[in-house]
$ cat start.txt   # compact mmCIF, C-alpha atoms (C1' of nucleotides)
# COMPACT_ATOMS: atom_id res chain seq x y z
CA MET A 18 93.45 -96.96 -84.36
CA GLY A 19 92.30 -98.45 -81.17
CA ILE A 20 91.56 -96.64 -77.97
CA HIS A 21 93.83 -93.76 -77.22
CA GLY A 22 95.96 -94.41 -74.15
CA LEU A 23 93.96 -97.41 -73.00
CA SER A 24 96.97 -99.56 -72.43
CA LYS A 25 98.38 -97.03 -70.00
CA VAL A 26 95.05 -96.62 -68.25
CA ILE A 27 94.95 -100.35 -67.67
CA ALA A 28 98.56 -100.53 -66.55
CA ASP A 29 97.93 -97.73 -64.04
CA ASN A 30 94.50 -98.70 -62.79
CA ALA A 31 94.26 -102.44 -63.24
CA PRO A 32 97.77 -103.86 -63.23
CA ALA A 33 96.46 -107.24 -62.14
CA ALA A 34 94.82 -107.60 -65.54
CA LEU A 35 98.19 -107.75 -67.24
CA LYS A 36 100.22 -110.89 -67.19
CA GLU A 37 103.42 -111.84 -68.91
CA VAL A 38 102.99 -115.32 -70.22
CA PRO A 39 105.87 -117.77 -70.54
CA ILE A 40 105.97 -118.96 -74.11
CA LYS A 41 105.51 -122.54 -73.08
CA ALA A 42 102.26 -121.68 -71.37
CA CYS A 43 100.84 -120.73 -74.75
CA PHE A 44 101.04 -124.24 -76.07
CA GLY A 45 97.86 -125.67 -77.50
CA ARG A 46 96.01 -122.40 -77.63
CA LYS A 47 93.88 -121.22 -80.48
CA VAL A 48 93.99 -117.55 -81.17
CA ALA A 49 92.12 -115.24 -83.54
CA VAL A 50 94.49 -112.84 -85.26
CA ASP A 51 93.61 -109.71 -87.20
CA ALA A 52 95.06 -110.51 -90.61
CA SER A 53 94.95 -107.03 -92.09
CA MET A 54 96.81 -105.62 -89.15
CA SER A 55 99.52 -108.24 -89.49
CA ILE A 56 99.81 -107.60 -93.20
CA TYR A 57 100.07 -103.90 -92.55
CA GLN A 58 102.93 -104.46 -90.15
CA PHE A 59 104.75 -106.70 -92.59
CA LEU A 60 104.39 -104.21 -95.40
CA ILE A 61 105.90 -101.52 -93.21
CA ALA A 62 108.67 -103.56 -91.68
CA VAL A 63 109.82 -106.05 -94.30
CA ARG A 64 112.16 -104.00 -96.44
CA GLN A 65 115.63 -104.05 -97.82
CA GLN A 66 118.36 -101.54 -97.14
CA ASP A 67 117.16 -99.09 -99.75
CA GLY A 68 113.72 -99.01 -98.21
CA MET A 69 112.04 -100.95 -100.99
CA GLN A 70 109.71 -103.80 -100.23
CA LEU A 71 110.62 -107.30 -101.29
CA THR A 72 109.22 -108.20 -104.69
CA ASN A 73 109.30 -110.96 -107.25
CA GLU A 74 110.69 -110.36 -110.71
CA ALA A 75 107.38 -109.05 -111.93
CA GLY A 76 107.55 -106.36 -109.29
CA GLU A 77 104.76 -107.76 -107.11
CA THR A 78 105.27 -107.16 -103.40
CA THR A 79 106.13 -110.23 -101.38
CA SER A 80 106.88 -108.68 -97.98
CA HIS A 81 103.51 -109.64 -96.59
CA LEU A 82 103.81 -113.25 -97.74
CA MET A 83 107.25 -113.54 -96.23
CA GLY A 84 106.03 -112.24 -92.90
CA MET A 85 102.85 -114.26 -92.87
CA LEU A 86 104.64 -117.49 -93.76
CA TYR A 87 107.35 -117.32 -91.15
CA ARG A 88 105.35 -115.83 -88.33
CA THR A 89 102.57 -118.35 -88.76
CA ILE A 90 105.03 -121.21 -88.72
CA ARG A 91 106.69 -119.79 -85.65
CA MET A 92 103.33 -119.67 -83.93
CA PHE A 93 102.73 -123.31 -84.75
CA GLU A 94 106.16 -124.24 -83.47
CA ASN A 95 105.14 -122.71 -80.19
CA GLY A 96 101.88 -124.58 -80.16
CA ILE A 97 99.70 -121.63 -81.09
CA LYS A 98 97.03 -122.29 -83.67
CA PRO A 99 96.07 -119.05 -85.35
CA VAL A 100 92.87 -118.37 -87.21
CA TYR A 101 93.24 -115.22 -89.25
CA VAL A 102 90.41 -112.75 -89.47
CA PHE A 103 90.15 -110.37 -92.41
CA ASP A 104 88.44 -107.03 -92.33
CA GLY A 105 85.18 -106.48 -94.14
CA LYS A 106 83.49 -103.16 -94.86
CA PRO A 107 84.42 -100.58 -92.27
CA PRO A 108 81.47 -99.04 -90.45
CA ASP A 109 80.27 -95.68 -91.75
CA MET A 110 81.29 -94.06 -88.51
CA LYS A 111 84.88 -94.82 -89.29
CA SER A 112 84.91 -92.83 -92.50
CA ASN A 113 86.17 -89.66 -90.84
CA GLU A 114 89.05 -91.54 -89.37
CA LEU A 115 89.80 -93.26 -92.67
CA LYS A 116 89.68 -89.96 -94.49
CA LYS A 117 92.22 -88.51 -92.09
CA ARG A 118 94.50 -91.43 -92.69
CA GLY A 119 94.10 -91.03 -96.41
CA VAL A 120 95.15 -87.41 -96.24
CA LYS A 121 98.21 -88.27 -94.20
CA ARG A 122 99.10 -91.01 -96.63
CA GLU A 123 98.90 -88.63 -99.55
CA GLY A 124 101.27 -86.27 -97.81
CA ALA A 125 103.66 -89.12 -97.17
CA GLU A 126 103.42 -90.20 -100.79
CA LYS A 127 104.50 -86.79 -101.98
CA ALA A 128 107.34 -86.65 -99.50
CA ALA A 129 108.47 -90.13 -100.48
CA ALA A 130 108.37 -89.29 -104.17
CA ALA A 131 110.37 -86.12 -103.58
CA ALA A 132 112.97 -88.01 -101.59
CA GLU A 133 113.25 -90.67 -104.24
CA GLU A 134 113.73 -87.99 -106.86
CA THR A 135 116.71 -86.54 -105.06
CA GLY A 136 118.12 -89.90 -104.12
CA ASP A 137 117.55 -89.25 -100.43
CA THR A 138 117.20 -92.88 -99.42
CA GLU A 139 116.88 -92.11 -95.77
CA ASN A 140 113.82 -89.95 -96.22
CA PHE A 141 112.43 -92.19 -98.91
CA ASP A 142 112.62 -95.06 -96.48
CA LYS A 143 110.99 -93.05 -93.75
CA PHE A 144 108.11 -91.68 -95.77
CA SER A 145 107.43 -94.68 -97.94
CA ARG A 146 106.63 -96.68 -94.84
CA ARG A 147 103.88 -94.21 -94.10
CA THR A 148 102.32 -94.70 -97.49
CA VAL A 149 101.49 -98.32 -96.79
CA LYS A 150 97.95 -99.39 -97.48
CA VAL A 151 96.71 -102.96 -97.35
CA THR A 152 95.03 -103.71 -100.66
CA LYS A 153 92.67 -106.43 -101.76
CA GLU A 154 95.58 -108.05 -103.57
CA HIS A 155 97.61 -108.25 -100.39
CA ASN A 156 94.67 -109.82 -98.62
CA ASP A 157 94.01 -112.26 -101.46
CA ASP A 158 97.67 -113.25 -101.59
CA CYS A 159 97.61 -114.08 -97.92
CA LYS A 160 94.32 -115.95 -98.11
CA LYS A 161 95.79 -118.08 -100.86
CA LEU A 162 98.89 -118.80 -98.81
CA LEU A 163 96.93 -119.59 -95.66
CA LYS A 164 94.67 -121.95 -97.54
CA LEU A 165 97.70 -123.80 -98.89
CA MET A 166 99.21 -123.91 -95.43
CA GLY A 167 96.06 -125.42 -93.99
CA VAL A 168 95.50 -122.42 -91.75
CA PRO A 169 91.88 -121.27 -91.39
CA TYR A 170 90.74 -117.75 -92.02
CA ILE A 171 87.52 -115.86 -91.64
CA GLU A 172 86.18 -112.92 -93.60
CA ALA A 173 84.53 -110.64 -91.12
CA PRO A 174 81.50 -108.67 -92.29
CA CYS A 175 82.93 -105.53 -90.71
CA GLU A 176 85.70 -104.94 -88.19
CA ALA A 177 88.14 -107.81 -87.77
CA GLU A 178 88.76 -106.87 -84.16
CA ALA A 179 85.10 -107.28 -83.34
CA GLN A 180 85.01 -110.66 -85.05
CA CYS A 181 88.10 -111.78 -83.13
CA ALA A 182 86.39 -110.78 -79.91
CA ILE A 183 83.30 -112.82 -80.75
CA LEU A 184 85.38 -115.87 -81.52
CA ALA A 185 87.08 -115.59 -78.16
CA LYS A 186 83.83 -114.92 -76.35
CA SER A 187 82.27 -118.01 -77.84
CA GLY A 188 85.20 -120.20 -76.89
CA LYS A 189 86.11 -121.09 -80.46
CA VAL A 190 89.47 -119.60 -79.63
CA TYR A 191 91.13 -118.86 -76.34
CA ALA A 192 92.01 -115.25 -77.08
CA ALA A 193 92.25 -112.51 -79.62
CA GLY A 194 95.84 -111.96 -80.68
CA SER A 195 96.28 -108.31 -81.48
CA GLU A 196 98.09 -105.13 -80.61
CA ASP A 197 94.84 -103.25 -80.83
CA MET A 198 93.33 -102.43 -77.48
CA ASP A 199 89.87 -101.90 -78.88
CA THR A 200 89.54 -105.66 -79.10
CA LEU A 201 88.88 -105.43 -75.37
CA THR A 202 86.24 -102.82 -75.95
CA PHE A 203 84.59 -105.27 -78.32
CA GLY A 204 84.52 -107.67 -75.42
CA THR A 205 87.23 -110.24 -75.91
CA PRO A 206 87.71 -112.01 -72.58
CA VAL A 207 91.44 -112.30 -73.22
CA LEU A 208 93.72 -110.22 -75.40
CA MET A 209 97.20 -111.48 -76.19
CA ARG A 210 99.77 -108.94 -77.25
CA HIS A 211 103.17 -109.37 -78.86
CA LEU A 212 102.23 -112.77 -80.11
CA THR A 213 105.16 -113.08 -82.48
CA PHE A 214 107.56 -115.35 -80.63
CA SER A 215 110.35 -113.42 -82.19
CA GLU A 216 113.74 -114.67 -81.07
CA ALA A 217 115.61 -111.51 -81.81
CA ARG A 218 113.34 -108.88 -80.36
CA LYS A 219 112.50 -110.49 -77.14
CA MET A 220 109.09 -109.19 -76.38
CA PRO A 221 107.21 -111.27 -73.88
CA VAL A 222 103.69 -112.34 -74.69
CA VAL A 223 101.30 -110.34 -72.55
CA GLU A 224 97.80 -111.43 -71.69
CA ILE A 225 95.13 -108.97 -70.71
CA GLU A 226 92.06 -110.33 -69.01
CA LEU A 227 88.96 -108.24 -69.52
CA ALA A 228 87.30 -109.37 -66.29
CA LYS A 229 90.31 -108.18 -64.33
CA VAL A 230 90.40 -104.92 -66.24
CA LEU A 231 86.83 -104.23 -65.18
CA GLU A 232 87.56 -105.34 -61.67
CA GLY A 233 90.59 -103.09 -61.39
CA LEU A 234 88.75 -100.14 -62.84
CA GLU A 235 85.64 -100.95 -60.82
CA MET A 236 83.48 -100.60 -63.89
CA THR A 237 80.84 -102.57 -65.68
CA MET A 238 81.37 -103.39 -69.32
CA ASP A 239 79.01 -100.60 -70.36
CA GLN A 240 80.92 -98.12 -68.25
CA PHE A 241 84.17 -99.39 -69.72
CA ILE A 242 82.87 -98.83 -73.24
CA ASP A 243 81.84 -95.28 -72.39
CA MET A 244 85.25 -94.67 -70.88
CA CYS A 245 86.89 -95.90 -74.09
CA ILE A 246 84.83 -93.44 -76.09
CA LEU A 247 86.00 -90.65 -73.78
CA LEU A 248 89.60 -91.77 -74.21
CA GLY A 249 89.23 -91.53 -77.96
CA CYS A 250 88.21 -94.22 -80.43
CA ASP A 251 88.05 -94.53 -84.21
CA TYR A 252 84.37 -93.76 -84.45
CA CYS A 253 83.96 -90.27 -83.08
CA ASP A 254 85.78 -87.40 -81.41
CA SER A 255 86.19 -87.13 -77.69
CA ILE A 256 85.74 -84.15 -75.39
CA LYS A 257 88.59 -81.66 -75.51
CA GLY A 258 90.26 -81.31 -72.17
CA ILE A 259 89.22 -84.77 -70.99
CA GLY A 260 92.19 -87.08 -70.95
CA PRO A 261 92.76 -90.44 -69.34
CA THR A 262 92.69 -89.23 -65.74
CA ARG A 263 89.46 -87.30 -65.97
CA ALA A 264 87.85 -89.93 -68.19
CA VAL A 265 88.36 -92.58 -65.54
CA SER A 266 87.14 -90.45 -62.68
CA LEU A 267 84.15 -89.07 -64.58
CA ILE A 268 82.92 -92.55 -65.45
CA LYS A 269 83.42 -93.71 -61.90
CA GLU A 270 81.43 -90.80 -60.61
CA HIS A 271 78.66 -90.55 -63.18
CA LYS A 272 78.56 -94.04 -64.71
CA ASN A 273 77.72 -93.04 -68.25
CA ILE A 274 78.25 -90.33 -70.81
CA GLU A 275 74.68 -89.02 -70.60
CA THR A 276 75.10 -88.13 -66.96
CA ILE A 277 78.57 -86.78 -67.52
CA LEU A 278 77.20 -84.42 -70.15
CA GLU A 279 74.56 -83.25 -67.68
CA LYS A 280 77.01 -82.58 -64.89
CA LEU A 281 80.03 -81.40 -66.78
CA ASP A 282 80.63 -77.69 -67.17
CA SER A 283 79.95 -77.35 -70.87
CA LYS A 284 81.78 -74.05 -71.01
CA LYS A 285 85.04 -75.54 -69.87
CA TYR A 286 84.51 -78.84 -71.58
CA PRO A 287 82.20 -78.55 -74.55
CA ALA A 288 81.23 -81.84 -76.15
CA PRO A 289 81.73 -82.13 -79.90
CA GLU A 290 78.85 -80.86 -81.94
CA ASP A 291 76.23 -83.50 -82.75
CA TRP A 292 78.37 -85.91 -80.89
CA PRO A 293 77.44 -89.43 -82.02
CA TYR A 294 78.74 -91.15 -78.92
CA GLN A 295 75.62 -93.27 -78.67
CA ALA A 296 76.14 -94.70 -82.12
CA ALA A 297 79.78 -95.38 -81.30
CA ARG A 298 78.72 -97.10 -78.12
CA GLU A 299 76.34 -99.27 -80.12
CA LEU A 300 79.15 -100.35 -82.46
CA PHE A 301 81.09 -101.60 -79.47
CA ARG A 302 78.16 -103.21 -77.73
CA ALA A 303 76.67 -104.95 -80.74
CA PRO A 304 79.15 -104.94 -83.61
CA ASN A 305 78.36 -106.44 -86.97
CA VAL A 306 79.91 -109.89 -86.81
CA THR A 307 79.28 -113.39 -87.99
CA LYS A 308 78.02 -115.62 -85.20
CA ALA A 309 80.70 -117.97 -84.00
CA GLU A 310 78.42 -120.99 -84.37
CA GLU A 311 78.20 -120.34 -88.08
CA LEU A 312 81.94 -120.51 -88.49
CA ASP A 313 83.89 -123.64 -89.13
CA VAL A 314 87.43 -123.29 -87.91
CA LYS A 315 89.69 -126.17 -88.80
CA TRP A 316 93.43 -126.55 -89.09
CA GLU A 317 94.36 -128.87 -91.90
CA ALA A 318 97.45 -130.50 -93.36
CA PRO A 319 99.57 -128.12 -95.41
CA ASP A 320 99.84 -128.65 -99.14
CA GLU A 321 103.59 -128.54 -99.56
CA GLU A 322 103.59 -128.71 -103.33
CA GLY A 323 100.93 -126.07 -103.50
CA VAL A 324 102.90 -123.71 -101.30
CA VAL A 325 106.03 -124.32 -103.36
CA ALA A 326 104.17 -123.75 -106.60
CA TYR A 327 102.82 -120.47 -105.28
CA LEU A 328 105.74 -118.98 -103.38
CA VAL A 329 108.56 -120.39 -105.49
CA GLY A 330 106.83 -120.61 -108.84
CA GLU A 331 104.91 -117.36 -108.74
CA LYS A 332 106.57 -115.23 -106.12
CA GLY A 333 110.24 -116.02 -106.55
CA PHE A 334 110.95 -117.48 -103.10
CA ASN A 335 113.90 -119.77 -102.58
CA GLU A 336 112.71 -123.36 -102.84
CA ASP A 337 114.95 -124.81 -100.14
CA ARG A 338 113.83 -122.21 -97.67
CA VAL A 339 110.18 -122.70 -98.43
CA ARG A 340 110.40 -126.48 -98.22
CA SER A 341 112.20 -126.40 -94.93
CA ALA A 342 109.68 -123.92 -93.60
CA ILE A 343 106.82 -126.19 -94.59
CA GLN A 344 108.62 -129.14 -93.05
CA LYS A 345 108.61 -127.29 -89.77
CA LEU A 346 104.90 -126.77 -90.13
CA ILE A 347 104.28 -130.44 -90.87
CA LYS A 348 106.40 -131.48 -87.94
CA THR A 349 104.36 -129.48 -85.49
CA ARG A 350 101.20 -131.24 -86.55
CA THR A 351 102.35 -134.81 -86.35
CA GLY A 352 105.16 -136.95 -85.16
CA THR A 353 107.72 -136.50 -82.49
CA THR A 354 107.58 -132.79 -81.98
CA GLN A 355 104.12 -132.90 -80.56
CA GLY A 356 105.15 -135.65 -78.19
CA ARG A 357 108.03 -133.59 -76.95
CA LEU A 358 105.78 -130.69 -76.20
CA GLY A 359 102.98 -132.85 -74.98
CA ASP A 360 103.66 -131.87 -71.42
CA TYR A 361 102.14 -128.56 -72.10
CA PHE A 362 99.41 -129.73 -74.32
CA LYS A 363 96.84 -131.13 -72.01
CA PRO A 364 96.59 -128.50 -69.33
CA VAL A 365 95.73 -125.83 -71.79
CA GLU A 366 93.50 -127.42 -74.33
CA LYS A 367 91.52 -129.66 -72.12
CA PRO A 368 88.31 -131.39 -72.89
CA ALA A 369 85.90 -130.73 -70.07
CA GLY A 370 87.02 -132.17 -66.84
CA SER A 371 90.51 -133.48 -67.37
CA THR A 372 92.53 -132.01 -64.58
CA SER A 373 94.96 -134.85 -64.40
CA ALA A 374 97.62 -132.92 -66.22
CA ALA A 375 97.38 -129.95 -63.95
CA LYS A 376 100.87 -130.60 -62.76
CA ARG A 377 103.62 -129.04 -64.74
CA LYS A 378 106.84 -127.30 -64.38
CA MET A 379 106.02 -123.69 -64.48
CA ASP A 380 106.58 -121.10 -61.92
CA ALA A 381 103.80 -120.76 -59.44
CA LYS A 382 102.42 -117.55 -60.81
CA ALA A 383 102.06 -118.83 -64.31
CA ALA A 384 100.63 -122.08 -63.12
CA SER A 385 97.89 -120.48 -61.12
CA GLY A 386 97.12 -118.20 -63.99
CA SER A 387 96.56 -120.84 -66.57
CA ALA A 388 94.86 -123.17 -64.21
CA LYS A 389 92.26 -120.54 -63.71
CA LYS A 390 91.80 -119.86 -67.35
CA LYS A 391 91.42 -123.47 -68.02
CA GLY A 392 88.17 -123.55 -66.20
CA GLY A 393 86.77 -120.85 -68.39
CA SER A 394 85.78 -121.17 -71.95
CA PHE A 395 86.99 -123.97 -74.03
CA MET A 396 85.57 -125.85 -76.88
CA LYS A 397 85.86 -129.48 -77.47
CA LYS A 398 88.90 -130.20 -79.47
CA LYS A 399 88.05 -131.47 -82.84
C1' DA B 11 100.29 -79.51 -58.62
C1' DC B 12 97.89 -81.85 -61.82
C1' DT B 13 96.12 -82.65 -66.34
C1' DC B 14 95.75 -82.23 -71.16
C1' DT B 15 97.45 -80.84 -75.82
C1' DG B 16 100.68 -80.51 -79.23
C1' DT B 17 105.02 -81.65 -81.29
C1' DC B 18 108.88 -84.25 -81.66
C1' DT B 19 111.28 -88.63 -81.89
C1' DC B 20 111.79 -93.49 -82.96
C1' DG B 21 110.63 -98.01 -84.34
C1' DA B 22 107.62 -100.96 -86.61
C1' DG B 23 109.79 -108.89 -89.46
C1' DA B 24 112.22 -112.94 -89.47
C1' DC B 25 116.16 -115.79 -90.80
C1' DG B 26 120.74 -117.46 -90.43
C1' DC B 27 125.62 -116.98 -90.47
C1' DC B 28 129.26 -115.00 -87.86
C1' DT C 18 99.89 -95.59 -85.53
C1' DG C 19 101.56 -95.72 -81.42
C1' DA C 20 104.22 -94.81 -77.64
C1' DG C 21 107.41 -92.14 -75.00
C1' DA C 22 109.55 -87.57 -73.84
C1' DC C 23 109.09 -82.91 -73.57
C1' DA C 24 107.36 -78.02 -73.40
C1' DG C 25 103.62 -75.21 -72.65
C1' DA C 26 98.87 -73.85 -71.53
C1' DG C 27 94.70 -74.65 -68.95
C1' DT C 28 92.20 -76.17 -64.56
C1' DG D 10 123.65 -110.59 -80.17
C1' DG D 11 124.99 -108.04 -84.47
C1' DC D 12 124.28 -107.65 -89.11
C1' DG D 13 123.48 -108.76 -93.91
C1' DT D 14 119.81 -110.93 -96.51
C1' DC D 15 115.31 -112.56 -97.83
C1' DC D 16 112.37 -111.44 -102.93

$ encode --input "start.txt" --output "structure tokens"
Amino acid sequence: MGIHGLSKVIADNAPAALKEVPIKACFGRKVAVDASMSIYQFLIAVRQQDGMQLTNEAGETTSHLMGMLYRTIRMFENGIKPVYVFDGKPPDMKSNELKKRGVKREGAEKAAAAAEETGDTENFDKFSRRTVKVTKEHNDDCKKLLKLMGVPYIEAPCEAEAQCAILAKSGKVYAAGSEDMDTLTFGTPVLMRHLTFSEARKMPVVEIELAKVLEGLEMTMDQFIDMCILLGCDYCDSIKGIGPTRAVSLIKEHKNIETILEKLDSKKYPAPEDWPYQAARELFRAPNVTKAEELDVKWEAPDEEGVVAYLVGEKGFNEDRVRSAIQKLIKTRTGTTQGRLGDYFKPVEKPAGSTSAAKRKMDAKAASGSAKKKGGSFMKKK
DNA sequence: ACTCTGTCTCGAGACGCC
DNA sequence: TGAGACAGAGT
DNA sequence: GGCGTCC
């Protein structure tokens, strides 16, 4: 998934585009998050010692709900307001890629079954994680939970990453929150990575600014898209023998794939047969998305009893834990907690023109960074 | 020397008690 | 699925 | 922070 090696290309060629963001500087931001990707990660990671997913008594998986509940609350505690974006129908061009994944998954399923047969828990654990597939049920479970939590979600017509990018472009949200670098290729002005606020694994939130990526690479957006296709995307093959280094220099020299194909020695570097790079390019330039203006994104009060009825009543969660989790969520919306964090609230989510709060206690680097962003794209707050 | 490919490895959530 | 380390082949 | 537990 994503663009092969793009994150390294950016780190090497446009380091100024990358910025570690202090957690406090995230406060008040709205972020579009790829729901299916999150669910996928939870299904892989949330396991018990024997490698089995968490389930209720009926045997229904609950790993994804567990992850979604706690991560979402943790985001709110840090002032991040997520809007989750669910995948729609994948584009036809992705079917090759999806087929490959399906084949790999089948292999993993056999290996996992064999390991389970022989009681080899280590290998069962290893292979069963590779069999993970996000189903409609997983998605529906999470939509139900999000609705009860008062967290908005969007059903994208096609790729969630593209929809996230549009939301960020329009200013409905500040950034796309994703690990997937192709969100940049879809044109999100800001990509936030490692947006988990995990205490244990201390991974700093990293912001990538598209404008600075292009600046560092000295490319236009169209050139950047062509470079991403050369690096390797989900939609078509790339040219054998062209890796990150040559991809960057070829685009810089020739500006687009058409010219590269003219100039490149096709004996040394033959392009794939019937290479549909133009169609891939079109998917990045004009992806199938719902216009941001047509979307209503609102964060509402959580329905505590509803969440309890669902997670405790249906899914076997511990009631005390769920209630205290929801209390945390409620607290971040109203009351004293917001006051305490208010220092960081204004500078980030400003209505047009209020610069009064520009003063805060952050290190100079961070301060200049967010001050700049502030001027960019923001919507009125509700 | 540099670049790319292939193959291998590992890790992939979050909480709370200690 | 990706990201890093490595060996090996190609330019 | 490490480690057992969540369901």

$ atom_distance --input "start.txt" --atom1 "atom CA of Asp243 of chain A" --atom2 "atom CA of Cys175 of chain A"
21.0 Å

$ interface_residues --input "start.txt" --of "chain B" --to "chain A" --cutoff "12 Å" --atoms "all atoms listed in the file" --output "list in words"
DC12, DT13, DC14, DT15, DC20, DG21, DA22, DG23, DA24, DC25 and DG26 of chain B

$ write_last_selection --input "start.txt" --atoms "C-alpha atoms (C1' of nucleotides)" --output "JSON list (two decimals), in the frame of the given file"
[["chain", "number", "residue", "atom", "x", "y", "z"],
["B", 12, "DC", "C1'", 97.89, -81.85, -61.82],
["B", 13, "DT", "C1'", 96.12, -82.65, -66.34],
["B", 14, "DC", "C1'", 95.75, -82.23, -71.16],
["B", 15, "DT", "C1'", 97.45, -80.84, -75.82],
["B", 20, "DC", "C1'", 111.79, -93.49, -82.96],
["B", 21, "DG", "C1'", 110.63, -98.01, -84.34],
["B", 22, "DA", "C1'", 107.62, -100.96, -86.61],
["B", 23, "DG", "C1'", 109.79, -108.89, -89.46],
["B", 24, "DA", "C1'", 112.22, -112.94, -89.47],
["B", 25, "DC", "C1'", 116.16, -115.79, -90.80],
["B", 26, "DG", "C1'", 120.74, -117.46, -90.43]]

$ interface_residues --input "start.txt" --of "chain A" --to "chain C" --cutoff "10 Å" --atoms "all atoms listed in the file" --output "PyMOL selection string"
chain A and resi 18-19+21-22+25+118+147+258+285

$ interface_residues --input "start.txt" --of "chain A" --to "chain D" --cutoff "9 Å" --atoms "only C-alpha atoms (C1' of nucleotides)" --output "ChimeraX atom specification"
/A:65,70-74,78-80,83,217,332-335

$ atom_distance --input "start.txt" --atom1 "atom CA of Glu310 of chain A" --atom2 "atom CA of Ala185 of chain A"
11.9 Å

$ atom_distance --input "start.txt" --atom1 "atom CA of Leu115 of chain A" --atom2 "atom CA of Thr202 of chain A"
19.6 Å

$ build_atoms --input "start.txt" --residues "segment 40-57 of chain A" --atoms "N, CA and C atoms" --output "short mmCIF file (atom, residue, chain, number, x, y, z; two decimals), in the coordinates of the input"
data_model
loop_
_atom_site.label_atom_id
_atom_site.label_comp_id
_atom_site.auth_asym_id
_atom_site.auth_seq_id
_atom_site.Cartn_x
_atom_site.Cartn_y
_atom_site.Cartn_z
N ILE A 40 106.33 -118.44 -72.80
CA ILE A 40 105.97 -118.96 -74.11
C ILE A 40 105.41 -120.37 -74.03
N LYS A 41 105.97 -121.15 -73.17
CA LYS A 41 105.51 -122.54 -73.08
C LYS A 41 104.06 -122.64 -72.61
N ALA A 42 103.64 -121.66 -71.86
CA ALA A 42 102.26 -121.68 -71.37
C ALA A 42 101.25 -121.39 -72.46
N CYS A 43 101.74 -121.01 -73.63
CA CYS A 43 100.84 -120.73 -74.75
C CYS A 43 100.47 -121.99 -75.51
N PHE A 44 101.17 -123.07 -75.22
CA PHE A 44 101.04 -124.24 -76.07
C PHE A 44 99.61 -124.79 -76.11
N GLY A 45 99.17 -125.07 -77.32
CA GLY A 45 97.86 -125.67 -77.50
C GLY A 45 96.75 -124.67 -77.66
N ARG A 46 97.07 -123.41 -77.59
CA ARG A 46 96.01 -122.40 -77.63
C ARG A 46 95.63 -122.01 -79.04
N LYS A 47 94.38 -121.74 -79.21
CA LYS A 47 93.88 -121.22 -80.48
C LYS A 47 93.64 -119.73 -80.32
N VAL A 48 94.05 -119.00 -81.30
CA VAL A 48 93.99 -117.55 -81.17
C VAL A 48 93.49 -116.94 -82.47
N ALA A 49 92.62 -115.97 -82.36
CA ALA A 49 92.12 -115.24 -83.54
C ALA A 49 92.99 -114.01 -83.77
N VAL A 50 93.55 -113.92 -84.96
CA VAL A 50 94.49 -112.84 -85.26
C VAL A 50 93.93 -111.95 -86.37
N ASP A 51 94.03 -110.67 -86.17
CA ASP A 51 93.61 -109.71 -87.20
C ASP A 51 94.60 -109.74 -88.37
N ALA A 52 94.17 -110.30 -89.48
CA ALA A 52 95.06 -110.51 -90.61
C ALA A 52 95.52 -109.19 -91.22
N SER A 53 94.59 -108.28 -91.41
CA SER A 53 94.95 -107.03 -92.09
C SER A 53 95.97 -106.24 -91.30
N MET A 54 95.84 -106.31 -90.00
CA MET A 54 96.81 -105.62 -89.15
C MET A 54 98.18 -106.25 -89.27
N SER A 55 98.23 -107.55 -89.31
CA SER A 55 99.52 -108.24 -89.49
C SER A 55 100.13 -107.88 -90.83
N ILE A 56 99.30 -107.91 -91.86
CA ILE A 56 99.81 -107.60 -93.20
C ILE A 56 100.36 -106.18 -93.23
N TYR A 57 99.62 -105.29 -92.62
CA TYR A 57 100.07 -103.90 -92.55
C TYR A 57 101.45 -103.81 -91.91
#
